[in-house]
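The data block below is entry_39.pdb; it holds PDB, C-alpha atoms and all ligand atoms.
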MODEL        1
ATOM      1  CA  MET Z   1       3.478  -2.996  22.536
ATOM      2  CA  LYS Z   2       6.200  -2.396  19.963
ATOM      3  CA  LEU Z   3       4.282   0.302  18.062
ATOM      4  CA  LYS Z   4       2.636   2.278  20.851
ATOM      5  CA  GLY Z   5       1.879   5.837  19.766
ATOM      6  CA  LYS Z   6       2.748   5.162  16.127
ATOM      7  CA  VAL Z   7       0.416   5.982  13.223
ATOM      8  CA  ALA Z   8       0.590   3.454  10.375
ATOM      9  CA  LEU Z   9      -0.877   3.643   6.877
ATOM     10  CA  ILE Z  10      -1.228   0.320   5.046
ATOM     11  CA  THR Z  11      -2.248   0.485   1.393
ATOM     12  CA  GLY Z  12      -4.254  -2.461   0.070
ATOM     13  CA  GLY Z  13      -4.993  -3.161   3.727
ATOM     14  CA  ALA Z  14      -8.486  -4.551   3.269
ATOM     15  CA  ASN Z  15      -7.354  -8.068   2.412
ATOM     16  CA  GLY Z  16      -4.621 -10.666   2.611
ATOM     17  CA  ILE Z  17      -1.208  -9.700   3.976
ATOM     18  CA  GLY Z  18      -2.233  -6.051   4.488
ATOM     19  CA  LYS Z  19      -5.239  -6.928   6.630
ATOM     20  CA  VAL Z  20      -3.304  -9.368   8.816
ATOM     21  CA  THR Z  21      -0.527  -6.768   9.208
ATOM     22  CA  ALA Z  22      -3.097  -4.148  10.216
ATOM     23  CA  ASN Z  23      -4.402  -6.491  12.899
ATOM     24  CA  MET Z  24      -0.907  -7.266  14.211
ATOM     25  CA  PHE Z  25      -0.014  -3.553  14.311
ATOM     26  CA  LEU Z  26      -3.242  -2.819  16.229
ATOM     27  CA  GLN Z  27      -2.334  -5.459  18.825
ATOM     28  CA  GLU Z  28       1.066  -3.763  19.157
ATOM     29  CA  GLY Z  29      -0.536  -0.432  20.041
ATOM     30  CA  ALA Z  30      -0.449   1.379  16.678
ATOM     31  CA  THR Z  31      -3.175   3.589  15.287
ATOM     32  CA  VAL Z  32      -3.821   2.046  11.886
ATOM     33  CA  VAL Z  33      -5.333   3.452   8.716
ATOM     34  CA  ILE Z  34      -6.104   0.879   6.096
ATOM     35  CA  SER Z  35      -6.646   2.149   2.582
ATOM     36  CA  ASP Z  36      -7.908   0.168  -0.355
ATOM     37  CA  TYR Z  37      -9.785   0.733  -3.592
ATOM     38  CA  ASN Z  38     -12.250  -1.956  -2.578
ATOM     39  CA  ALA Z  39     -14.679  -0.181  -0.236
ATOM     40  CA  GLU Z  40     -16.720  -3.296   0.491
ATOM     41  CA  ALA Z  41     -13.613  -5.218   1.595
ATOM     42  CA  GLY Z  42     -12.537  -2.210   3.679
ATOM     43  CA  GLU Z  43     -15.829  -2.123   5.580
ATOM     44  CA  LYS Z  44     -15.684  -5.902   6.038
ATOM     45  CA  ALA Z  45     -12.170  -5.612   7.482
ATOM     46  CA  LEU Z  46     -13.342  -2.968   9.961
ATOM     47  CA  SER Z  47     -16.116  -5.250  11.177
ATOM     48  CA  GLU Z  48     -13.618  -8.112  11.521
ATOM     49  CA  PHE Z  49     -11.579  -5.777  13.756
ATOM     50  CA  ASN Z  50     -14.796  -5.252  15.802
ATOM     51  CA  HIS Z  51     -14.637  -1.578  14.832
ATOM     52  CA  HIS Z  52     -11.597  -1.152  17.086
ATOM     53  CA  GLU Z  53     -11.272   2.551  17.978
ATOM     54  CA  ASN Z  54      -7.711   2.699  16.623
ATOM     55  CA  VAL Z  55      -8.408   1.550  13.084
ATOM     56  CA  THR Z  56     -10.050   3.443  10.239
ATOM     57  CA  PHE Z  57     -10.611   2.758   6.555
ATOM     58  CA  ILE Z  58     -10.153   5.232   3.713
ATOM     59  CA  ARG Z  59     -11.167   4.316   0.198
ATOM     60  CA  SER Z  60      -8.303   5.251  -2.100
ATOM     61  CA  ASP Z  61      -6.878   3.914  -5.339
ATOM     62  CA  VAL Z  62      -3.062   4.068  -5.335
ATOM     63  CA  THR Z  63      -3.088   4.736  -9.090
ATOM     64  CA  ASN Z  64      -5.011   7.976  -8.587
ATOM     65  CA  THR Z  65      -2.805  10.892  -7.461
ATOM     66  CA  GLU Z  66      -5.734  13.035  -6.288
ATOM     67  CA  GLN Z  67      -7.165  10.234  -4.173
ATOM     68  CA  VAL Z  68      -3.751   9.433  -2.692
ATOM     69  CA  ASN Z  69      -3.068  13.066  -1.812
ATOM     70  CA  ALA Z  70      -6.546  13.527  -0.312
ATOM     71  CA  MET Z  71      -6.109  10.362   1.763
ATOM     72  CA  VAL Z  72      -2.775  11.495   3.177
ATOM     73  CA  GLN Z  73      -4.143  14.992   3.855
ATOM     74  CA  SER Z  74      -7.075  13.545   5.765
ATOM     75  CA  ILE Z  75      -4.804  11.289   7.883
ATOM     76  CA  LEU Z  76      -2.542  14.229   8.720
ATOM     77  CA  GLU Z  77      -5.585  16.289   9.720
ATOM     78  CA  SER Z  78      -6.975  13.598  12.002
ATOM     79  CA  HIS Z  79      -3.758  12.093  13.410
ATOM     80  CA  GLY Z  80      -1.161  14.830  12.886
ATOM     81  CA  LYS Z  81       1.499  12.488  11.435
ATOM     82  CA  ILE Z  82       2.243   9.238   9.628
ATOM     83  CA  ASP Z  83       5.061   7.252  11.241
ATOM     84  CA  ILE Z  84       4.845   4.078   9.159
ATOM     85  CA  LEU Z  85       3.852   3.581   5.531
ATOM     86  CA  ILE Z  86       3.451   0.089   4.132
ATOM     87  CA  ASN Z  87       3.184   0.128   0.349
ATOM     88  CA  ASN Z  88       1.343  -3.185   0.227
ATOM     89  CA  ALA Z  89      -1.299  -2.728  -2.516
ATOM     90  CA  GLY Z  90      -0.482  -4.977  -5.446
ATOM     91  CA  ILE Z  91      -2.003  -6.986  -8.274
ATOM     92  CA  THR Z  92      -1.033  -9.701 -10.739
ATOM     93  CA  ILE Z  93      -2.150 -10.092 -14.350
ATOM     94  CA  ASP Z  94       0.006 -13.025 -15.430
ATOM     95  CA  GLY Z  95       0.725 -14.296 -18.918
ATOM     96  CA  PHE Z  96       3.520 -15.313 -21.233
ATOM     97  CA  LEU Z  97       5.248 -12.322 -22.786
ATOM     98  CA  THR Z  98       4.161 -12.933 -26.378
ATOM     99  CA  LYS Z  99       0.521 -13.143 -25.262
ATOM    100  CA  MET Z 100       0.603 -10.298 -22.749
ATOM    101  CA  GLU Z 101      -1.624  -7.351 -23.685
ATOM    102  CA  GLU Z 102      -0.090  -3.918 -23.188
ATOM    103  CA  GLU Z 103      -3.012  -3.166 -20.894
ATOM    104  CA  ALA Z 104      -1.871  -5.930 -18.534
ATOM    105  CA  TRP Z 105       1.598  -4.385 -18.472
ATOM    106  CA  ASP Z 106       0.269  -0.863 -17.872
ATOM    107  CA  LYS Z 107      -2.156  -1.865 -15.110
ATOM    108  CA  VAL Z 108       0.368  -3.855 -13.100
ATOM    109  CA  VAL Z 109       2.978  -1.096 -13.426
ATOM    110  CA  ALA Z 110       0.373   1.514 -12.419
ATOM    111  CA  VAL Z 111      -0.523  -0.267  -9.165
ATOM    112  CA  ASN Z 112       2.670  -2.045  -8.103
ATOM    113  CA  LEU Z 113       5.245   0.557  -9.097
ATOM    114  CA  SER Z 114       3.680   3.962  -9.816
ATOM    115  CA  GLY Z 115       1.320   3.470  -6.847
ATOM    116  CA  VAL Z 116       4.331   3.065  -4.545
ATOM    117  CA  PHE Z 117       5.866   6.219  -6.031
ATOM    118  CA  LYS Z 118       2.670   8.270  -5.611
ATOM    119  CA  CYS Z 119       2.019   7.223  -2.006
ATOM    120  CA  THR Z 120       5.615   7.588  -0.869
ATOM    121  CA  LYS Z 121       6.098  10.965  -2.551
ATOM    122  CA  VAL Z 122       3.422  12.592  -0.425
ATOM    123  CA  VAL Z 123       3.910  10.590   2.790
ATOM    124  CA  ALA Z 124       7.696  11.055   2.773
ATOM    125  CA  ALA Z 125       7.253  14.833   2.627
ATOM    126  CA  ALA Z 126       5.246  14.693   5.863
ATOM    127  CA  MET Z 127       7.784  12.324   7.448
ATOM    128  CA  VAL Z 128      10.655  14.664   6.586
ATOM    129  CA  GLU Z 129       8.837  17.514   8.342
ATOM    130  CA  ASN Z 130       8.409  15.249  11.348
ATOM    131  CA  GLY Z 131      12.024  14.028  11.248
ATOM    132  CA  TYR Z 132      10.905  10.425  11.615
ATOM    133  CA  GLY Z 133       9.448   7.643   9.512
ATOM    134  CA  VAL Z 134       9.529   4.034   8.392
ATOM    135  CA  ILE Z 135       8.654   3.102   4.811
ATOM    136  CA  LEU Z 136       8.173  -0.573   3.971
ATOM    137  CA  ASN Z 137       7.629  -1.830   0.445
ATOM    138  CA  ALA Z 138       6.169  -5.096  -0.833
ATOM    139  CA  SER Z 139       8.646  -6.694  -3.200
ATOM    140  CA  SER Z 140       8.677 -10.439  -3.953
ATOM    141  CA  VAL Z 141      11.050 -13.350  -4.572
ATOM    142  CA  VAL Z 142       9.931 -12.893  -8.160
ATOM    143  CA  GLY Z 143      11.414  -9.382  -8.171
ATOM    144  CA  ILE Z 144      14.813 -10.801  -7.235
ATOM    145  CA  HIS Z 145      14.853 -13.972  -9.317
ATOM    146  CA  GLY Z 146      12.214 -13.493 -12.077
ATOM    147  CA  ASN Z 147       9.429 -15.914 -12.953
ATOM    148  CA  ILE Z 148       7.967 -17.416 -16.096
ATOM    149  CA  GLY Z 149       4.644 -15.767 -16.995
ATOM    150  CA  GLN Z 150       5.194 -12.787 -14.688
ATOM    151  CA  THR Z 151       7.064 -10.292 -16.889
ATOM    152  CA  ASN Z 152       5.012  -7.341 -15.675
ATOM    153  CA  TYR Z 153       4.825  -8.378 -12.027
ATOM    154  CA  ALA Z 154       8.535  -9.290 -11.763
ATOM    155  CA  ALA Z 155       9.511  -5.973 -13.360
ATOM    156  CA  THR Z 156       7.463  -4.016 -10.817
ATOM    157  CA  LYS Z 157       8.751  -5.997  -7.852
ATOM    158  CA  ALA Z 158      12.342  -5.523  -9.066
ATOM    159  CA  GLY Z 159      11.514  -1.831  -9.534
ATOM    160  CA  VAL Z 160      10.376  -1.656  -5.923
ATOM    161  CA  ILE Z 161      13.848  -2.819  -4.880
ATOM    162  CA  GLY Z 162      15.346   0.107  -6.819
ATOM    163  CA  LEU Z 163      12.948   2.503  -5.110
ATOM    164  CA  THR Z 164      13.747   1.041  -1.690
ATOM    165  CA  LYS Z 165      17.510   1.384  -2.057
ATOM    166  CA  SER Z 166      17.305   4.876  -3.572
ATOM    167  CA  TRP Z 167      14.972   6.127  -0.849
ATOM    168  CA  ALA Z 168      17.058   4.500   1.898
ATOM    169  CA  LYS Z 169      19.952   6.690   0.719
ATOM    170  CA  GLU Z 170      17.827   9.784   0.108
ATOM    171  CA  PHE Z 171      15.853   9.736   3.362
ATOM    172  CA  GLY Z 172      18.226   8.032   5.807
ATOM    173  CA  PRO Z 173      19.855  11.349   6.761
ATOM    174  CA  LYS Z 174      16.383  12.698   7.569
ATOM    175  CA  GLY Z 175      15.544  10.004  10.130
ATOM    176  CA  ILE Z 176      13.525   7.825   7.780
ATOM    177  CA  ARG Z 177      14.297   4.137   7.276
ATOM    178  CA  VAL Z 178      13.221   2.436   4.046
ATOM    179  CA  ASN Z 179      13.180  -1.350   3.629
ATOM    180  CA  ALA Z 180      11.352  -3.987   1.601
ATOM    181  CA  VAL Z 181      10.036  -7.458   2.253
ATOM    182  CA  ALA Z 182      10.337 -10.103  -0.461
ATOM    183  CA  PRO Z 183       7.790 -12.815   0.317
ATOM    184  CA  GLY Z 184       7.751 -16.221  -1.300
ATOM    185  CA  PHE Z 185       4.369 -17.746  -2.130
ATOM    186  CA  VAL Z 186       1.866 -16.774   0.560
ATOM    187  CA  VAL Z 187      -1.649 -18.164   0.826
ATOM    188  CA  THR Z 188      -3.979 -15.223  -0.019
ATOM    189  CA  ASP Z 189      -6.542 -14.304  -2.705
ATOM    190  CA  MET Z 190      -3.603 -13.353  -4.936
ATOM    191  CA  THR Z 191      -2.140 -16.867  -4.971
ATOM    192  CA  ALA Z 192      -5.615 -18.439  -5.158
ATOM    193  CA  LYS Z 193      -5.334 -17.632  -8.892
ATOM    194  CA  VAL Z 194      -2.130 -19.686  -9.214
ATOM    195  CA  PRO Z 195      -2.710 -23.276 -10.453
ATOM    196  CA  GLN Z 196      -2.513 -25.812  -7.603
ATOM    197  CA  LYS Z 197       0.219 -27.777  -9.368
ATOM    198  CA  VAL Z 198       2.439 -24.672  -9.417
ATOM    199  CA  LEU Z 199       1.809 -24.085  -5.701
ATOM    200  CA  ASP Z 200       2.594 -27.755  -4.965
ATOM    201  CA  LYS Z 201       5.843 -27.375  -6.892
ATOM    202  CA  MET Z 202       6.769 -24.229  -4.952
ATOM    203  CA  GLU Z 203       6.041 -25.987  -1.684
ATOM    204  CA  ALA Z 204       8.192 -28.976  -2.686
ATOM    205  CA  GLN Z 205      11.053 -26.629  -3.673
ATOM    206  CA  THR Z 206      10.906 -24.741  -0.374
ATOM    207  CA  PRO Z 207      13.346 -26.165   2.188
ATOM    208  CA  LEU Z 208      10.756 -25.599   4.935
ATOM    209  CA  ARG Z 209       8.239 -27.569   2.776
ATOM    210  CA  LYS Z 210       5.376 -25.137   3.225
ATOM    211  CA  LEU Z 211       3.880 -22.005   1.720
ATOM    212  CA  GLY Z 212       3.853 -18.770   3.677
ATOM    213  CA  ARG Z 213       0.971 -17.444   5.763
ATOM    214  CA  PRO Z 214       0.079 -13.730   5.811
ATOM    215  CA  GLU Z 215       1.152 -13.760   9.485
ATOM    216  CA  ASP Z 216       4.708 -14.661   8.433
ATOM    217  CA  ILE Z 217       4.942 -11.518   6.324
ATOM    218  CA  ALA Z 218       3.131  -9.347   8.878
ATOM    219  CA  ALA Z 219       5.699 -10.393  11.503
ATOM    220  CA  ALA Z 220       8.503  -9.228   9.192
ATOM    221  CA  TYR Z 221       6.765  -5.888   8.686
ATOM    222  CA  LEU Z 222       6.325  -5.566  12.449
ATOM    223  CA  PHE Z 223      10.008  -6.192  13.075
ATOM    224  CA  LEU Z 224      11.117  -3.733  10.384
ATOM    225  CA  ALA Z 225       8.614  -1.097  11.566
ATOM    226  CA  SER Z 226       9.669  -1.360  15.203
ATOM    227  CA  ASP Z 227      12.661   0.182  16.946
ATOM    228  CA  ASP Z 228      14.187  -3.327  17.051
ATOM    229  CA  ALA Z 229      15.184  -2.583  13.440
ATOM    230  CA  SER Z 230      16.428   0.948  14.116
ATOM    231  CA  PHE Z 231      19.775   0.296  12.334
ATOM    232  CA  ILE Z 232      18.273  -1.573   9.369
ATOM    233  CA  ASN Z 233      17.944   0.570   6.257
ATOM    234  CA  GLY Z 234      17.847  -0.274   2.536
ATOM    235  CA  THR Z 235      17.516  -4.010   3.040
ATOM    236  CA  ILE Z 236      15.344  -6.477   1.130
ATOM    237  CA  LEU Z 237      14.238  -9.087   3.644
ATOM    238  CA  SER Z 238      13.387 -12.442   2.034
ATOM    239  CA  VAL Z 239      10.544 -14.217   3.833
ATOM    240  CA  ASP Z 240      10.214 -17.314   1.692
ATOM    241  CA  GLY Z 241      11.111 -20.394   3.721
ATOM    242  CA  GLY Z 242      14.426 -20.524   1.887
ATOM    243  CA  LEU Z 243      12.747 -20.993  -1.525
ATOM    244  CA  VAL Z 244      15.592 -19.178  -3.208
ATOM    245  CA  ILE Z 245      18.999 -19.206  -1.545
TER     246      ILE Z 245
HETATM  247  P1  LIG T 301      -4.398  -9.596  -1.980
HETATM  248  O1  LIG T 301      -4.903  -9.642  -3.373
HETATM  249  O2  LIG T 301      -4.929 -10.549  -0.973
HETATM  250  O3  LIG T 301      -4.579  -8.109  -1.393
HETATM  251  C1  LIG T 301      -4.169  -6.990  -2.126
HETATM  252  C2  LIG T 301      -5.024  -5.801  -1.722
HETATM  253  O4  LIG T 301      -4.627  -4.687  -2.521
HETATM  254  C3  LIG T 301      -6.521  -6.023  -1.967
HETATM  255  O5  LIG T 301      -7.258  -5.655  -0.805
HETATM  256  C4  LIG T 301      -6.817  -5.105  -3.137
HETATM  257  O6  LIG T 301      -8.149  -4.596  -3.132
HETATM  258  C5  LIG T 301      -5.792  -3.991  -2.926
HETATM  259  N1  LIG T 301      -5.535  -3.221  -4.144
HETATM  260  C6  LIG T 301      -5.295  -3.709  -5.388
HETATM  261  N2  LIG T 301      -5.175  -2.691  -6.254
HETATM  262  C7  LIG T 301      -5.291  -1.536  -5.542
HETATM  263  C8  LIG T 301      -5.261  -0.172  -5.869
HETATM  264  N3  LIG T 301      -5.090   0.244  -7.136
HETATM  265  N4  LIG T 301      -5.403   0.748  -4.887
HETATM  266  C9  LIG T 301      -5.595   0.341  -3.613
HETATM  267  N5  LIG T 301      -5.684  -0.947  -3.240
HETATM  268  C10 LIG T 301      -5.513  -1.871  -4.199
HETATM  269  O7  LIG T 301      -2.796  -9.715  -2.107
HETATM  270  P2  LIG T 301      -1.709 -10.184  -1.050
HETATM  271  O8  LIG T 301      -1.321 -11.548  -1.391
HETATM  272  O9  LIG T 301      -2.125  -9.854   0.316
HETATM  273  O10 LIG T 301      -0.469  -9.255  -1.491
HETATM  274  C11 LIG T 301      -0.112  -8.063  -0.814
HETATM  275  C12 LIG T 301       1.203  -7.555  -1.381
HETATM  276  O11 LIG T 301       2.215  -8.542  -1.189
HETATM  277  C13 LIG T 301       1.161  -7.283  -2.885
HETATM  278  O12 LIG T 301       1.938  -6.155  -3.189
HETATM  279  C14 LIG T 301       1.784  -8.518  -3.476
HETATM  280  O13 LIG T 301       2.340  -8.273  -4.731
HETATM  281  C15 LIG T 301       2.825  -8.849  -2.423
HETATM  282  N6  LIG T 301       3.246 -10.226  -2.455
HETATM  283  C16 LIG T 301       2.352 -11.248  -2.272
HETATM  284  C17 LIG T 301       2.757 -12.565  -2.366
HETATM  285  C18 LIG T 301       1.823 -13.715  -2.210
HETATM  286  O14 LIG T 301       2.262 -14.851  -2.454
HETATM  287  N7  LIG T 301       0.580 -13.530  -1.799
HETATM  288  C19 LIG T 301       4.158 -12.894  -2.648
HETATM  289  C20 LIG T 301       5.009 -11.744  -2.810
HETATM  290  C21 LIG T 301       4.569 -10.476  -2.719
ENDMDL
END
structure tokens encoding of this file:
Amino acid sequence: MKLKGKVALITGGANGIGKVTANMFLQEGATVVISDYNAEAGEKALSEFNHHENVTFIRSDVTNTEQVNAMVQSILESHGKIDILINNAGITIDGFLTKMEEEAWDKVVAVNLSGVFKCTKVVAAAMVENGYGVILNASSVVGIHGNIGQTNYAATKAGVIGLTKSWAKEFGPKGIRVNAVAPGFVVTDMTAKVPQKVLDKMEAQTPLRKLGRPEDIAAAYLFLASDDASFINGTILSVDGGLVI
């Protein structure tokens, strides 16, 4: 029970890595709020958790400031605090630069970068008042090393590293730790859009010769969220099987 008594908010928690993390946090004694813009997926996730009394779903789009603020307000009213924020919501709209529409750039930046800013801005204020908090951001190997066809995505995931390091410095003195996880290729709906031959190539290039599972990333979030990581701040933890060393 590494998270007993903790209240965790996981954005984009209705699917993939976020949903598996929510489940792991529940097993570790946390009260979990999953938020997502996909209400149907949110309700489905709740039923998969057998409507566990310690998990709730709030429909909220991280690109919408009003919805984000209302979500955080409602969590503070019902639970009194937010101890852990996982900025997990993210999208890809891949394409080579010369063919990339500006809309694809704007949308990916709005979710993956501005969404992290909006959620953290309001949650961090509550954490500062409480004198405690853990903020975990979803970066990516692509944010560290770049990737062909992912100009927009790589830029946002590199941006998240800048946010993580800045906030680690800004909020560390206030009792708040800020870290990021940089997953390699993980089998979820997001990577289902990646051509199989690219995934095969990634697997072959990974020293551990396998792709990641959502559980691998959830375990990293659990470690960083727990008191086991109480002296870890401002780090970008690669969870990629050694894909890039
Ligand atoms: P996924 O597509 O399975 O789940 C993402 C969730 O975010 C979905 O439930 C979706 O509805 C939600 N979402 C999207 N836009 C949203 C918005 N505007 N507001 C609220 N919710 C929104 O993706 P996956 O694979 O679980 O990825 C989770 C995070 O991990 C993302 O930030 C992704 O960039 C990152 N990541 C994933 C990797 C992978 O290989 N799957 C690798 C590296 C990073």
Taking all atoms listed in the file into account, list the residues no farther than 6 Å from ligand LIG 301 (chain T), as a PDB file with C-alpha atoms, keeping the file's coordinate frame.
ATOM      1  CA  THR Z  11      -2.248   0.485   1.393  1.00  0.00           C
ATOM      2  CA  GLY Z  12      -4.254  -2.461   0.070  1.00  0.00           C
ATOM      3  CA  GLY Z  13      -4.993  -3.161   3.727  1.00  0.00           C
ATOM      4  CA  ALA Z  14      -8.486  -4.551   3.269  1.00  0.00           C
ATOM      5  CA  ASN Z  15      -7.354  -8.068   2.412  1.00  0.00           C
ATOM      6  CA  GLY Z  16      -4.621 -10.666   2.611  1.00  0.00           C
ATOM      7  CA  ILE Z  17      -1.208  -9.700   3.976  1.00  0.00           C
ATOM      8  CA  GLY Z  18      -2.233  -6.051   4.488  1.00  0.00           C
ATOM      9  CA  ASP Z  36      -7.908   0.168  -0.355  1.00  0.00           C
ATOM     10  CA  TYR Z  37      -9.785   0.733  -3.592  1.00  0.00           C
ATOM     11  CA  ASN Z  38     -12.250  -1.956  -2.578  1.00  0.00           C
ATOM     12  CA  SER Z  60      -8.303   5.251  -2.100  1.00  0.00           C
ATOM     13  CA  ASP Z  61      -6.878   3.914  -5.339  1.00  0.00           C
ATOM     14  CA  VAL Z  62      -3.062   4.068  -5.335  1.00  0.00           C
ATOM     15  CA  THR Z  63      -3.088   4.736  -9.090  1.00  0.00           C
ATOM     16  CA  ASN Z  88       1.343  -3.185   0.227  1.00  0.00           C
ATOM     17  CA  ALA Z  89      -1.299  -2.728  -2.516  1.00  0.00           C
ATOM     18  CA  GLY Z  90      -0.482  -4.977  -5.446  1.00  0.00           C
ATOM     19  CA  ILE Z  91      -2.003  -6.986  -8.274  1.00  0.00           C
ATOM     20  CA  VAL Z 111      -0.523  -0.267  -9.165  1.00  0.00           C
ATOM     21  CA  ALA Z 138       6.169  -5.096  -0.833  1.00  0.00           C
ATOM     22  CA  SER Z 139       8.646  -6.694  -3.200  1.00  0.00           C
ATOM     23  CA  SER Z 140       8.677 -10.439  -3.953  1.00  0.00           C
ATOM     24  CA  PRO Z 183       7.790 -12.815   0.317  1.00  0.00           C
ATOM     25  CA  GLY Z 184       7.751 -16.221  -1.300  1.00  0.00           C
ATOM     26  CA  PHE Z 185       4.369 -17.746  -2.130  1.00  0.00           C
ATOM     27  CA  VAL Z 186       1.866 -16.774   0.560  1.00  0.00           C
ATOM     28  CA  VAL Z 187      -1.649 -18.164   0.826  1.00  0.00           C
ATOM     29  CA  THR Z 188      -3.979 -15.223  -0.019  1.00  0.00           C
ATOM     30  CA  ASP Z 189      -6.542 -14.304  -2.705  1.00  0.00           C
ATOM     31  CA  MET Z 190      -3.603 -13.353  -4.936  1.00  0.00           C
ATOM     32  CA  THR Z 191      -2.140 -16.867  -4.971  1.00  0.00           C
TER      33      THR Z 191
END
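Shortest separation to Ala125 (chain Z) among Z:Ile176, Z:Val32, Z:Val181, Z:Leu163 occurs at residue Z:Ile176, atoms counted being all atoms listed in the file.
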Taking all atoms listed in the file into account, name the residue in Z:Ala30, Z:Ala110, Z:Val128, Z:Leu136 that is nearest to Phe171 (chain Z). Z:Val128
Return as AutoDock Vina command-line options the centre and edge lengths, in Å with one decimal, of the box along x, y and z that encloses every atom of region 206-221 of chain Z in the file, padded by 4 Å per side.
--center_x 6.7 --center_y -16.7 --center_z 5.6 --size_x 21.3 --size_y 29.7 --size_z 19.9
Starting from the PyMOL selection byres (((chain Z and resi 182) around 12) and not hetatm), expand the selection into actual residues of this file and give them as number ranges by chain. Z: 88, 136-145, 154, 157-158, 160-161, 164, 179-181, 183-186, 212, 216-218, 220-221, 235-244
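The smallest atom-to-atom distance between Thr156 (chain Z) and any of Z:Val55, Z:Ile135, Z:Met127, Z:Ile93, using all atoms listed in the file, is found for Z:Ile93.
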Neighbourhood query: residues within 10 Å of (-5.9, 4.7, 6.7), file coordinates, counting only C-alpha atoms; return as an NGL selection string. :Z and (7-13 or 22 or 31-36 or 55-60 or 71-72 or 74-75 or 82 or 85)
Would you put the residues from that selection into a file with C-alpha atoms, as a short mmCIF file (atom, residue, chain, number, x, y, z; two decimals), in the frame of the given file?
data_model
loop_
_atom_site.label_atom_id
_atom_site.label_comp_id
_atom_site.auth_asym_id
_atom_site.auth_seq_id
_atom_site.Cartn_x
_atom_site.Cartn_y
_atom_site.Cartn_z
CA VAL Z 7 0.42 5.98 13.22
CA ALA Z 8 0.59 3.45 10.38
CA LEU Z 9 -0.88 3.64 6.88
CA ILE Z 10 -1.23 0.32 5.05
CA THR Z 11 -2.25 0.48 1.39
CA GLY Z 12 -4.25 -2.46 0.07
CA GLY Z 13 -4.99 -3.16 3.73
CA ALA Z 22 -3.10 -4.15 10.22
CA THR Z 31 -3.18 3.59 15.29
CA VAL Z 32 -3.82 2.05 11.89
CA VAL Z 33 -5.33 3.45 8.72
CA ILE Z 34 -6.10 0.88 6.10
CA SER Z 35 -6.65 2.15 2.58
CA ASP Z 36 -7.91 0.17 -0.36
CA VAL Z 55 -8.41 1.55 13.08
CA THR Z 56 -10.05 3.44 10.24
CA PHE Z 57 -10.61 2.76 6.56
CA ILE Z 58 -10.15 5.23 3.71
CA ARG Z 59 -11.17 4.32 0.20
CA SER Z 60 -8.30 5.25 -2.10
CA MET Z 71 -6.11 10.36 1.76
CA VAL Z 72 -2.78 11.50 3.18
CA SER Z 74 -7.08 13.54 5.76
CA ILE Z 75 -4.80 11.29 7.88
CA ILE Z 82 2.24 9.24 9.63
CA LEU Z 85 3.85 3.58 5.53
#
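The closest residue to Thr151 (chain Z), picked from Z:His51, Z:Lys99, Z:Lys6, Z:Arg209 and counting all atoms listed in the file, is Z:Lys99.
The space between CA of Thr120 (chain Z) and CA of Glu48 (chain Z) spans 27.7 Å.
Pairwise distance (CA of Gln67 (chain Z), CA of Ala168 (chain Z)) equals 25.6 Å.
When the PyMOL selection byres (((chain Z and resi 96) around 12) and not hetatm) is evaluated against the file, it yields Z:Ile93, Z:Asp94, Z:Gly95, Z:Leu97, Z:Thr98, Z:Lys99, Z:Met100, Z:Glu101, Z:Ala104, Z:Trp105, Z:Asn147, Z:Ile148, Z:Gly149, Z:Gln150, Z:Thr151, Z:Asn152, Z:Tyr153.
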Missing atoms in region 114-123 of chain Z: can you complete it with N, CA and C atoms, as a PDB file, in the coordinates of the input?
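out.pdb was written with the following content:
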ATOM      1  N   SER Z 114       4.036   2.536  -9.881  1.00  0.00           N
ATOM      2  CA  SER Z 114       3.680   3.962  -9.816  1.00  0.00           C
ATOM      3  C   SER Z 114       2.888   4.257  -8.538  1.00  0.00           C
ATOM      4  N   GLY Z 115       2.092   3.285  -8.089  1.00  0.00           N
ATOM      5  CA  GLY Z 115       1.320   3.470  -6.847  1.00  0.00           C
ATOM      6  C   GLY Z 115       2.250   3.673  -5.658  1.00  0.00           C
ATOM      7  N   VAL Z 116       3.343   2.934  -5.636  1.00  0.00           N
ATOM      8  CA  VAL Z 116       4.331   3.065  -4.545  1.00  0.00           C
ATOM      9  C   VAL Z 116       4.985   4.449  -4.612  1.00  0.00           C
ATOM     10  N   PHE Z 117       5.289   4.875  -5.828  1.00  0.00           N
ATOM     11  CA  PHE Z 117       5.866   6.219  -6.031  1.00  0.00           C
ATOM     12  C   PHE Z 117       4.917   7.313  -5.531  1.00  0.00           C
ATOM     13  N   LYS Z 118       3.646   7.222  -5.963  1.00  0.00           N
ATOM     14  CA  LYS Z 118       2.670   8.270  -5.611  1.00  0.00           C
ATOM     15  C   LYS Z 118       2.468   8.364  -4.092  1.00  0.00           C
ATOM     16  N   CYS Z 119       2.283   7.211  -3.456  1.00  0.00           N
ATOM     17  CA  CYS Z 119       2.019   7.223  -2.006  1.00  0.00           C
ATOM     18  C   CYS Z 119       3.240   7.719  -1.235  1.00  0.00           C
ATOM     19  N   THR Z 120       4.412   7.233  -1.630  1.00  0.00           N
ATOM     20  CA  THR Z 120       5.615   7.588  -0.869  1.00  0.00           C
ATOM     21  C   THR Z 120       5.968   9.055  -1.052  1.00  0.00           C
ATOM     22  N   LYS Z 121       5.759   9.559  -2.278  1.00  0.00           N
ATOM     23  CA  LYS Z 121       6.098  10.965  -2.551  1.00  0.00           C
ATOM     24  C   LYS Z 121       5.423  11.893  -1.542  1.00  0.00           C
ATOM     25  N   VAL Z 122       4.151  11.675  -1.307  1.00  0.00           N
ATOM     26  CA  VAL Z 122       3.422  12.592  -0.425  1.00  0.00           C
ATOM     27  C   VAL Z 122       3.629  12.251   1.053  1.00  0.00           C
ATOM     28  N   VAL Z 123       3.714  10.967   1.374  1.00  0.00           N
ATOM     29  CA  VAL Z 123       3.910  10.590   2.790  1.00  0.00           C
ATOM     30  C   VAL Z 123       5.322  10.973   3.246  1.00  0.00           C
TER      31      VAL Z 123
END
